[in-house]
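As stored in upload-v4.txt (compact mmCIF, C-alpha atoms):
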# COMPACT_ATOMS: atom_id res chain seq x y z
CA MET A 1 2.31 3.57 19.36
CA HIS A 2 0.76 2.41 16.11
CA ILE A 3 0.30 3.58 12.55
CA ARG A 4 -2.97 5.47 12.11
CA PRO A 5 -5.57 2.97 10.84
CA SER A 6 -7.03 3.65 7.41
CA ARG A 7 -10.67 4.71 7.41
CA VAL A 8 -10.98 3.67 3.75
CA LEU A 9 -9.71 0.14 4.38
CA ARG A 10 -11.83 -0.22 7.49
CA LYS A 11 -14.98 0.60 5.55
CA LEU A 12 -14.09 -1.42 2.47
CA ARG A 13 -13.17 -4.49 4.51
CA THR A 14 -16.55 -4.40 6.22
CA GLY A 15 -18.47 -4.08 2.95
CA GLU A 16 -19.26 -0.38 3.16
CA ILE A 17 -19.18 2.19 0.35
CA VAL A 18 -16.38 4.79 0.47
CA SER A 19 -16.87 8.40 -0.62
CA CYS A 20 -13.98 10.37 -2.10
CA PHE A 21 -13.50 14.02 -3.13
CA LYS A 22 -10.78 15.16 -5.55
CA LEU A 23 -8.57 18.21 -5.04
CA ASN A 24 -6.88 20.06 -7.90
CA LEU A 25 -6.29 23.25 -5.93
CA THR A 26 -3.45 23.67 -3.46
CA CYS A 27 -5.44 24.92 -0.46
CA SER A 28 -5.43 22.61 2.57
CA ARG A 29 -8.56 24.36 3.83
CA VAL A 30 -10.52 22.62 1.07
CA ALA A 31 -9.29 19.28 2.41
CA ASP A 32 -10.33 20.41 5.89
CA LEU A 33 -13.79 21.46 4.67
CA ALA A 34 -14.51 18.32 2.63
CA SER A 35 -13.32 16.08 5.46
CA ALA A 36 -15.35 17.98 8.04
CA LEU A 37 -18.46 17.54 5.90
CA GLY A 38 -18.05 13.77 5.94
CA PHE A 39 -16.02 12.55 2.96
CA ASP A 40 -14.06 9.42 3.79
CA CYS A 41 -11.15 10.15 1.50
CA ILE A 42 -9.49 13.18 -0.10
CA TRP A 43 -7.85 12.52 -3.47
CA VAL A 44 -4.83 14.78 -3.94
CA ASP A 45 -3.70 14.92 -7.55
CA MET A 46 0.03 15.29 -8.25
CA GLU A 47 -0.21 13.94 -11.79
CA HIS A 48 -1.84 16.97 -13.37
CA THR A 49 -1.40 19.87 -10.93
CA SER A 50 1.21 22.16 -9.35
CA ILE A 51 0.61 20.74 -5.87
CA ASP A 52 3.96 20.28 -4.10
CA TRP A 53 5.02 18.18 -1.14
CA SER A 54 4.40 20.90 1.45
CA ASP A 55 0.85 21.26 0.10
CA VAL A 56 0.36 17.49 0.36
CA GLU A 57 1.60 17.47 3.95
CA LYS A 58 -0.84 20.22 4.96
CA MET A 59 -3.74 18.44 3.25
CA ILE A 60 -2.95 15.21 5.08
CA LEU A 61 -2.78 17.01 8.42
CA ALA A 62 -6.10 18.76 7.70
CA ALA A 63 -7.89 15.54 6.73
CA LYS A 64 -6.54 13.62 9.72
CA THR A 65 -8.20 16.04 12.13
CA HIS A 66 -11.51 14.57 10.93
CA ASP A 67 -10.24 10.96 10.68
CA ALA A 68 -10.36 11.13 6.89
CA ASP A 69 -7.82 9.45 4.64
CA VAL A 70 -5.77 11.08 1.91
CA MET A 71 -4.98 9.24 -1.32
CA VAL A 72 -2.27 10.80 -3.47
CA ARG A 73 -2.22 10.19 -7.20
CA ILE A 74 1.47 10.30 -7.87
CA ALA A 75 3.36 11.57 -10.87
CA ARG A 76 5.15 8.51 -12.19
CA GLY A 77 8.90 8.90 -11.65
CA SER A 78 11.48 7.65 -9.17
CA TYR A 79 10.72 5.39 -6.23
CA SER A 80 10.73 8.49 -3.99
CA ASP A 81 7.63 9.76 -5.78
CA TYR A 82 5.86 6.54 -4.77
CA ILE A 83 6.83 6.35 -1.10
CA ARG A 84 7.01 10.01 -0.04
CA PRO A 85 3.21 10.41 0.21
CA LEU A 86 3.09 7.32 2.42
CA GLU A 87 5.84 8.68 4.67
CA LEU A 88 3.89 11.95 4.97
CA ASP A 89 1.09 9.69 6.28
CA ALA A 90 -1.16 9.52 3.25
CA ALA A 91 -3.30 6.42 3.70
CA GLY A 92 -2.91 5.42 0.07
CA ILE A 93 -1.40 6.17 -3.29
CA MET A 94 -2.87 5.82 -6.76
CA VAL A 95 -0.60 5.04 -9.70
CA PRO A 96 -1.92 6.16 -13.11
CA HIS A 97 -1.84 4.19 -16.35
CA CYS A 98 -0.92 0.72 -15.13
CA MET A 99 -0.36 -1.18 -18.37
CA CYS A 100 0.40 -4.79 -17.42
CA ALA A 101 0.95 -7.25 -14.60
CA GLU A 102 4.71 -6.62 -14.51
CA ASP A 103 3.95 -2.92 -14.08
CA ALA A 104 1.70 -3.78 -11.14
CA ARG A 105 4.36 -6.05 -9.62
CA SER A 106 6.94 -3.27 -9.93
CA ILE A 107 4.60 -0.91 -8.07
CA VAL A 108 4.21 -3.45 -5.28
CA ARG A 109 7.99 -3.95 -5.02
CA THR A 110 8.39 -0.19 -4.54
CA THR A 111 5.52 0.45 -2.12
CA ARG A 112 5.28 -2.65 0.08
CA PHE A 113 7.58 -3.92 2.79
CA GLN A 114 8.66 -7.54 3.07
CA PRO A 115 7.38 -10.14 2.39
CA LEU A 116 5.43 -8.40 -0.40
CA GLY A 117 7.99 -5.90 -1.64
CA ARG A 118 11.23 -4.02 -1.14
CA ARG A 119 10.03 -0.57 -0.13
CA PRO A 120 12.89 1.49 1.33
CA VAL A 121 12.59 1.60 5.13
CA ASP A 122 12.75 4.72 7.27
CA GLY A 123 10.07 5.01 9.95
CA GLY A 124 11.23 8.43 11.09
CA ASN A 125 8.40 10.32 9.43
CA ALA A 126 4.75 11.01 10.19
CA ASP A 127 3.57 7.53 9.18
CA GLY A 128 5.89 5.88 11.73
CA VAL A 129 5.13 8.56 14.35
CA TYR A 130 8.75 9.67 14.02
CA CYS A 131 10.39 6.38 15.02
CA ASN A 132 7.89 5.75 17.82
CA VAL A 133 6.18 2.78 16.15
CA PRO A 134 8.33 -0.29 16.91
CA PHE A 135 10.26 -1.35 13.82
CA PHE A 136 8.61 -4.69 13.02
CA GLU A 137 5.16 -3.36 13.89
CA TYR A 138 5.80 -0.45 11.54
CA LEU A 139 6.56 -2.82 8.65
CA ARG A 140 3.55 -5.02 9.35
CA GLU A 141 1.07 -2.22 9.99
CA ALA A 142 2.18 -0.27 6.92
CA ASN A 143 1.39 -3.30 4.75
CA GLU A 144 -1.96 -3.75 6.51
CA GLN A 145 -3.15 -0.15 6.87
CA ARG A 146 -1.95 1.54 3.68
CA PHE A 147 -3.60 0.95 0.31
CA VAL A 148 -2.14 0.86 -3.20
CA VAL A 149 -4.43 1.68 -6.12
CA ILE A 150 -3.63 1.17 -9.79
CA GLN A 151 -5.55 2.96 -12.50
CA ILE A 152 -6.86 1.09 -15.51
CA GLU A 153 -7.42 3.79 -18.10
CA ASP A 154 -6.12 2.33 -21.37
CA PRO A 155 -7.43 -0.44 -23.65
CA GLU A 156 -4.17 -2.45 -23.55
CA PRO A 157 -4.38 -3.68 -19.93
CA LEU A 158 -7.93 -4.98 -20.47
CA GLU A 159 -6.48 -7.94 -22.39
CA LYS A 160 -4.59 -8.98 -19.24
CA ILE A 161 -6.97 -7.60 -16.63
CA ASP A 162 -7.26 -10.86 -14.66
CA GLU A 163 -3.49 -11.25 -14.49
CA ILE A 164 -3.14 -7.66 -13.31
CA ALA A 165 -5.91 -8.05 -10.73
CA SER A 166 -4.26 -11.17 -9.31
CA VAL A 167 -1.02 -9.38 -8.30
CA PRO A 168 -0.58 -9.57 -4.49
CA GLY A 169 -0.11 -6.24 -2.76
CA ILE A 170 -2.50 -4.28 -4.99
CA ASP A 171 -5.65 -3.29 -3.09
CA MET A 172 -7.76 -1.61 -5.72
CA LEU A 173 -8.33 -1.29 -9.45
CA PHE A 174 -9.60 2.18 -10.31
CA PHE A 175 -11.23 2.59 -13.70
CA GLY A 176 -10.55 5.97 -15.37
CA PRO A 177 -13.32 6.55 -17.94
CA SER A 178 -12.08 9.88 -19.31
CA ASP A 179 -8.62 8.73 -20.34
CA PHE A 180 -10.05 5.42 -21.54
CA SER A 181 -12.53 7.18 -23.82
CA HIS A 182 -9.72 9.36 -25.13
CA ALA A 183 -7.48 6.33 -25.73
CA ILE A 184 -10.07 4.55 -27.86
CA GLY A 185 -10.84 7.64 -29.95
CA VAL A 186 -14.16 8.74 -28.42
CA PRO A 187 -13.02 11.44 -25.98
CA GLY A 188 -15.60 12.39 -23.40
CA GLU A 189 -18.15 9.75 -24.42
CA LEU A 190 -18.26 8.13 -21.00
CA ASN A 191 -21.31 6.00 -21.87
CA HIS A 192 -19.88 4.70 -25.14
CA PRO A 193 -20.42 0.90 -25.34
CA ARG A 194 -16.68 0.20 -25.16
CA VAL A 195 -16.32 2.40 -22.09
CA VAL A 196 -19.29 0.72 -20.41
CA ASP A 197 -17.87 -2.71 -21.23
CA ALA A 198 -14.45 -1.78 -19.83
CA ARG A 199 -16.04 -0.40 -16.66
CA ARG A 200 -17.81 -3.74 -16.10
CA ARG A 201 -14.72 -5.80 -16.88
CA VAL A 202 -12.55 -3.91 -14.41
CA ALA A 203 -15.09 -4.35 -11.60
CA LYS A 204 -15.56 -8.02 -12.42
CA ALA A 205 -11.82 -8.71 -12.39
CA ALA A 206 -11.32 -6.84 -9.13
CA LEU A 207 -14.07 -8.81 -7.39
CA ALA A 208 -12.85 -12.13 -8.81
CA HIS A 209 -9.40 -11.58 -7.29
CA ASN A 210 -10.51 -10.14 -3.93
CA LYS A 211 -9.57 -6.60 -4.83
CA PHE A 212 -11.68 -3.48 -4.45
CA ALA A 213 -13.04 -1.56 -7.43
CA GLY A 214 -13.06 2.23 -7.67
CA THR A 215 -14.11 4.81 -10.25
CA MET A 216 -15.65 8.24 -10.85
CA ALA A 217 -19.32 8.61 -9.96
CA ASN A 218 -22.19 11.08 -9.95
CA SER A 219 -25.76 11.14 -8.70
CA ASP A 220 -27.04 9.72 -12.00
CA ASN A 221 -24.92 6.55 -12.10
CA LEU A 222 -24.18 5.92 -8.42
CA GLU A 223 -26.61 3.02 -7.99
CA ASP A 224 -25.51 1.35 -11.24
CA LEU A 225 -21.86 1.49 -10.19
CA ILE A 226 -22.62 0.01 -6.79
CA ASP A 227 -24.58 -2.79 -8.49
CA MET A 228 -21.51 -3.49 -10.67
CA GLY A 229 -19.41 -3.95 -7.55
CA TYR A 230 -17.74 -0.56 -7.20
CA ARG A 231 -17.18 0.35 -3.56
CA PHE A 232 -14.78 3.32 -3.78
CA LEU A 233 -16.50 6.23 -5.52
CA ASN A 234 -15.16 9.69 -6.23
CA LEU A 235 -18.10 12.08 -6.22
CA GLY A 236 -16.70 15.42 -7.30
CA ALA A 237 -13.83 17.90 -7.28
CA ASP A 238 -13.03 21.30 -5.83
CA VAL A 239 -12.69 22.95 -9.23
CA LEU A 240 -16.07 21.60 -10.35
CA GLY A 241 -17.82 22.82 -7.22
CA LEU A 242 -16.23 26.26 -7.34
CA SER A 243 -16.91 26.59 -11.06
CA SER A 244 -20.58 25.68 -10.60
CA TYR A 245 -21.01 28.14 -7.73
CA CYS A 246 -19.27 31.00 -9.54
CA ARG A 247 -21.16 30.32 -12.77
CA GLU A 248 -24.48 30.40 -10.94
CA LEU A 249 -23.60 33.67 -9.20
CA ILE A 250 -22.44 35.46 -12.33
CA GLU A 251 -25.42 34.27 -14.38
CA ARG A 252 -27.83 35.57 -11.73
CA PHE A 253 -25.92 38.82 -11.53
CA GLN A 254 -26.05 39.31 -15.30
CA GLU A 255 -29.76 38.47 -15.43
CA GLN A 256 -30.70 40.86 -12.62
CA SER A 257 -28.26 43.68 -13.28
CA GLY A 258 -28.85 43.83 -17.03
CA PRO A 259 -32.28 45.56 -16.88
CA LEU A 260 -31.01 47.94 -14.17
CA ILE A 261 -28.04 48.93 -16.31
CA ASN A 262 -30.35 49.50 -19.29
CA LEU A 263 -32.70 51.65 -17.19
CA SER A 264 -29.79 53.65 -15.84
CA THR A 265 -28.43 54.20 -19.32
CA ALA A 266 -31.84 55.28 -20.56
CA SER A 267 -32.14 57.76 -17.67
CA ILE A 268 -28.80 59.29 -18.53
CA LEU A 269 -29.82 59.62 -22.18
CA ASP A 270 -33.15 61.23 -21.25
CA SER A 271 -31.37 63.63 -18.94
CA SER A 272 -28.90 64.57 -21.65
CA SER A 273 -31.74 65.17 -24.10
CA SER A 274 -33.60 67.50 -21.74
CA HIS A 275 -30.53 69.72 -21.33
CA SER A 276 -29.79 70.01 -25.03
Structure re-expressed in C-alpha cells:
Amino acid sequence: MHIRPSRVLRKLRTGEIVSCFKLNLTCSRVADLASALGFDCIWVDMEHTSIDWSDVEKMILAAKTHDADVMVRIARGSYSDYIRPLELDAAGIMVPHCMCAEDARSIVRTTRFQPLGRRPVDGGNADGVYCNVPFFEYLREANEQRFVVIQIEDPEPLEKIDEIASVPGIDMLFFGPSDFSHAIGVPGELNHPRVVDARRRVAKAALAHNKFAGTMANSDNLEDLIDMGYRFLNLGADVLGLSSYCRELIERFQEQSGPLINLSTASILDSSSSHS
C-alpha cells in the first residue's frame, strides 16, 4: 500500500493551475459538493472558526471520494496542531503569519520526516493506511506527497522574503492580502500600491527558489495573478456563496412581495371603511 498521492502537487509539478475553495462552515457536505463540482483542493480553516477535529476528518473523507485534496490552515500552537491534520490524511497544511526564515525552518522541523525534519512518527492513522504503508515508504512518501504552505501576510517578512523562500521543505508561499492590508494600515484596500508590490514580491521570491505561489483570486484578477506566477488560487468560500444566494433571494422577495402587501393592506382598509 501507498500514501494517497496529492492531486495538488501532481498538478503543480506539471505546470497546471490549482483551484481551491475555502470552508468556514462545519458541514462536510459542503466539502463533498465543492469537490464533486471539480475543485482541486478544499481549504479548511481552523485559525478563525469553530471547526473541530471530527469535522476535519469528515471533510477529508468527503473530499477524497472525488480525489480532491484538503489543506488545513492550522491554529498555531503545539506540534500536535501541525501534524494531526496530516495524520487525518489532509494533503497539506497552511501555517499563518510566518514571520522569518527561522520560523519557516521550525515549521519544517515539525512537519517533515528525516532528512528534512523531526516530525513525530506514527503511521497508524489514515495517512499511513493504519500501519499498512511500509515504514520507510511511509516516511519517504509523506515527504513527497504532502505539502507545507506558509502564509506571508505581514510587512516584516518581506524584508527577508528570499531567505524565507529558500528554506528546504516549504512547498508554497501563500500571500494573504487582507491581513497584509490591515497590517500596513489600509485595511481592505487590496489594490493599494504596497499590497500590489508585496503580492508581486512574494510570487517572484517563490519562483526564484523553486517554490509554488498561492493567493486569493477572483474572476477580475485571475489572469493577472497567473501572469505574476501564481499557480494555487483560492476562488471563493462557502459563507460568501451562501450569503450571495440568500441576499439575492431576500431582495427579490422584498421587491415582489412589497406591492402585494401594500395592495392587501389597502384592501383591508377599504373593507373596513365600507362597514363603518
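Nearest to Thr111 in chain A of all the residues A:Gly92, A:Gly236, A:Gly123, A:Gly128 is A:Gly92, counting only C-alpha atoms.
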Tell me, as a list of chain:residue names, which residues lie within 12 Å of Val121 in chain A, counting all atoms listed in the file; anything in the same chain fewer than 4 positions away does not count. A:Ser80, A:Ile83, A:Arg84, A:Leu86, A:Glu87, A:Thr110, A:Thr111, A:Arg112, A:Phe113, A:Gln114, A:Gly117, A:Asn125, A:Asp127, A:Gly128, A:Cys131, A:Phe135, A:Phe136, A:Tyr138, A:Leu139, A:Arg140, A:Ala142
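The shortest atom-to-atom distance to Val195 in chain A, with only C-alpha atoms taken into account, belongs to A:Pro155 out of A:Pro155, A:Gly214, A:Gly169, A:Pro120.
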List the spatial neighbours of Met46 in chain A as a ChimeraX atom specification - criterion: any atom at most 6 Å away, only C-alpha atoms, same-chain residues fewer than 2 positions off excluded. /A:48-49,51,73-75
Close residues, range 145-147 of chain A itself excluded, 8 Å, only C-alpha atoms, min 6 positions apart in chain, as a VMD selection string: chain A and resid 3 to 6 9 86 91 to 93 170 to 172
Counting only C-alpha atoms, what is within 6 Å of Cys20 in chain A, bar same-chain residues fewer than 5 positions away, as a list in words?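 Counting only the stated atoms, we get Phe39, Asp40, Cys41, Ile42, Leu233 and Asn234 of chain A.
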From the set A:Met71, A:Val44, A:Leu158, A:Leu88, which residue has the shortest atom-to-atom contact distance to Cys100 in chain A, counting only C-alpha atoms?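 Checking each candidate against Cys100 in chain A, we get A:Leu158 as the closest.
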May I have the residues within 12 Å of Lys211 in chain A as a ChimeraX atom specification, using all atoms listed in the file and disregarding those fewer than 3 positions away in the same chain? /A:9,12-13,147-150,162,164-174,202-208,214,229-232
Give me, please, the distance in Å between CA of Arg105 in chain A and CA of Arg119 in chain A, quoted to one decimal. 12.3 Å
Figure out the distance between CA of Asp69 in chain A and CA of Val18 in chain A, please, to one decimal in Å. 10.6 Å
Go ahead and compute the interatomic distance for CA of Asn210 in chain A and CA of Glu156 in chain A, in Å to one decimal.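 Distance reported for this atom pair: 22.0 Å.
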Filled-in N, CA and C atoms of range 89-111 of chain A, supplied as an mmCIF file, in the frame of the given file:
data_model
loop_
_atom_site.group_PDB
_atom_site.id
_atom_site.type_symbol
_atom_site.label_atom_id
_atom_site.label_comp_id
_atom_site.auth_asym_id
_atom_site.auth_seq_id
_atom_site.Cartn_x
_atom_site.Cartn_y
_atom_site.Cartn_z
ATOM 1 N N ASP A 89 2.267 10.294 5.638
ATOM 2 C CA ASP A 89 1.090 9.690 6.280
ATOM 3 C C ASP A 89 -0.172 9.762 5.439
ATOM 4 N N ALA A 90 -0.012 9.815 4.111
ATOM 5 C CA ALA A 90 -1.160 9.520 3.250
ATOM 6 C C ALA A 90 -1.549 8.063 3.484
ATOM 7 N N ALA A 91 -2.845 7.799 3.474
ATOM 8 C CA ALA A 91 -3.300 6.420 3.700
ATOM 9 C C ALA A 91 -3.154 5.564 2.464
ATOM 10 N N GLY A 92 -3.025 6.207 1.289
ATOM 11 C CA GLY A 92 -2.910 5.420 0.070
ATOM 12 C C GLY A 92 -2.314 6.232 -1.057
ATOM 13 N N ILE A 93 -1.846 5.512 -2.067
ATOM 14 C CA ILE A 93 -1.400 6.170 -3.290
ATOM 15 C C ILE A 93 -2.148 5.542 -4.464
ATOM 16 N N MET A 94 -2.277 6.325 -5.526
ATOM 17 C CA MET A 94 -2.870 5.820 -6.760
ATOM 18 C C MET A 94 -1.858 6.049 -7.889
ATOM 19 N N VAL A 95 -1.579 4.987 -8.624
ATOM 20 C CA VAL A 95 -0.600 5.040 -9.700
ATOM 21 C C VAL A 95 -1.335 5.036 -11.030
ATOM 22 N N PRO A 96 -1.172 6.080 -11.849
ATOM 23 C CA PRO A 96 -1.920 6.160 -13.110
ATOM 24 C C PRO A 96 -1.359 5.231 -14.179
ATOM 25 N N HIS A 97 -2.215 4.901 -15.119
ATOM 26 C CA HIS A 97 -1.840 4.190 -16.350
ATOM 27 C C HIS A 97 -1.013 2.925 -16.094
ATOM 28 N N CYS A 98 -1.552 2.037 -15.277
ATOM 29 C CA CYS A 98 -0.920 0.720 -15.130
ATOM 30 C C CYS A 98 -1.233 -0.086 -16.394
ATOM 31 N N MET A 99 -0.195 -0.603 -17.037
ATOM 32 C CA MET A 99 -0.360 -1.180 -18.370
ATOM 33 C C MET A 99 -0.311 -2.698 -18.413
ATOM 34 N N CYS A 100 0.252 -3.338 -17.371
ATOM 35 C CA CYS A 100 0.400 -4.790 -17.420
ATOM 36 C C CYS A 100 0.684 -5.315 -16.030
ATOM 37 N N ALA A 101 0.720 -6.637 -15.895
ATOM 38 C CA ALA A 101 0.950 -7.250 -14.600
ATOM 39 C C ALA A 101 2.352 -6.958 -14.078
ATOM 40 N N GLU A 102 3.348 -6.924 -14.960
ATOM 41 C CA GLU A 102 4.710 -6.620 -14.510
ATOM 42 C C GLU A 102 4.785 -5.200 -13.979
ATOM 43 N N ASP A 103 4.046 -4.289 -14.584
ATOM 44 C CA ASP A 103 3.950 -2.920 -14.080
ATOM 45 C C ASP A 103 3.384 -2.928 -12.672
ATOM 46 N N ALA A 104 2.315 -3.680 -12.464
ATOM 47 C CA ALA A 104 1.700 -3.780 -11.140
ATOM 48 C C ALA A 104 2.662 -4.386 -10.126
ATOM 49 N N ARG A 105 3.397 -5.422 -10.540
ATOM 50 C CA ARG A 105 4.360 -6.050 -9.620
ATOM 51 C C ARG A 105 5.483 -5.084 -9.252
ATOM 52 N N SER A 106 5.910 -4.263 -10.208
ATOM 53 C CA SER A 106 6.940 -3.270 -9.930
ATOM 54 C C SER A 106 6.453 -2.239 -8.915
ATOM 55 N N ILE A 107 5.190 -1.856 -9.030
ATOM 56 C CA ILE A 107 4.600 -0.910 -8.070
ATOM 57 C C ILE A 107 4.586 -1.511 -6.673
ATOM 58 N N VAL A 108 4.231 -2.776 -6.573
ATOM 59 C CA VAL A 108 4.210 -3.450 -5.280
ATOM 60 C C VAL A 108 5.620 -3.521 -4.689
ATOM 61 N N ARG A 109 6.611 -3.867 -5.512
ATOM 62 C CA ARG A 109 7.990 -3.950 -5.020
ATOM 63 C C ARG A 109 8.439 -2.616 -4.413
ATOM 64 N N THR A 110 7.970 -1.510 -4.993
ATOM 65 C CA THR A 110 8.390 -0.190 -4.540
ATOM 66 C C THR A 110 7.636 0.276 -3.300
ATOM 67 N N THR A 111 6.400 -0.146 -3.126
ATOM 68 C CA THR A 111 5.520 0.450 -2.120
ATOM 69 C C THR A 111 5.189 -0.456 -0.938
#
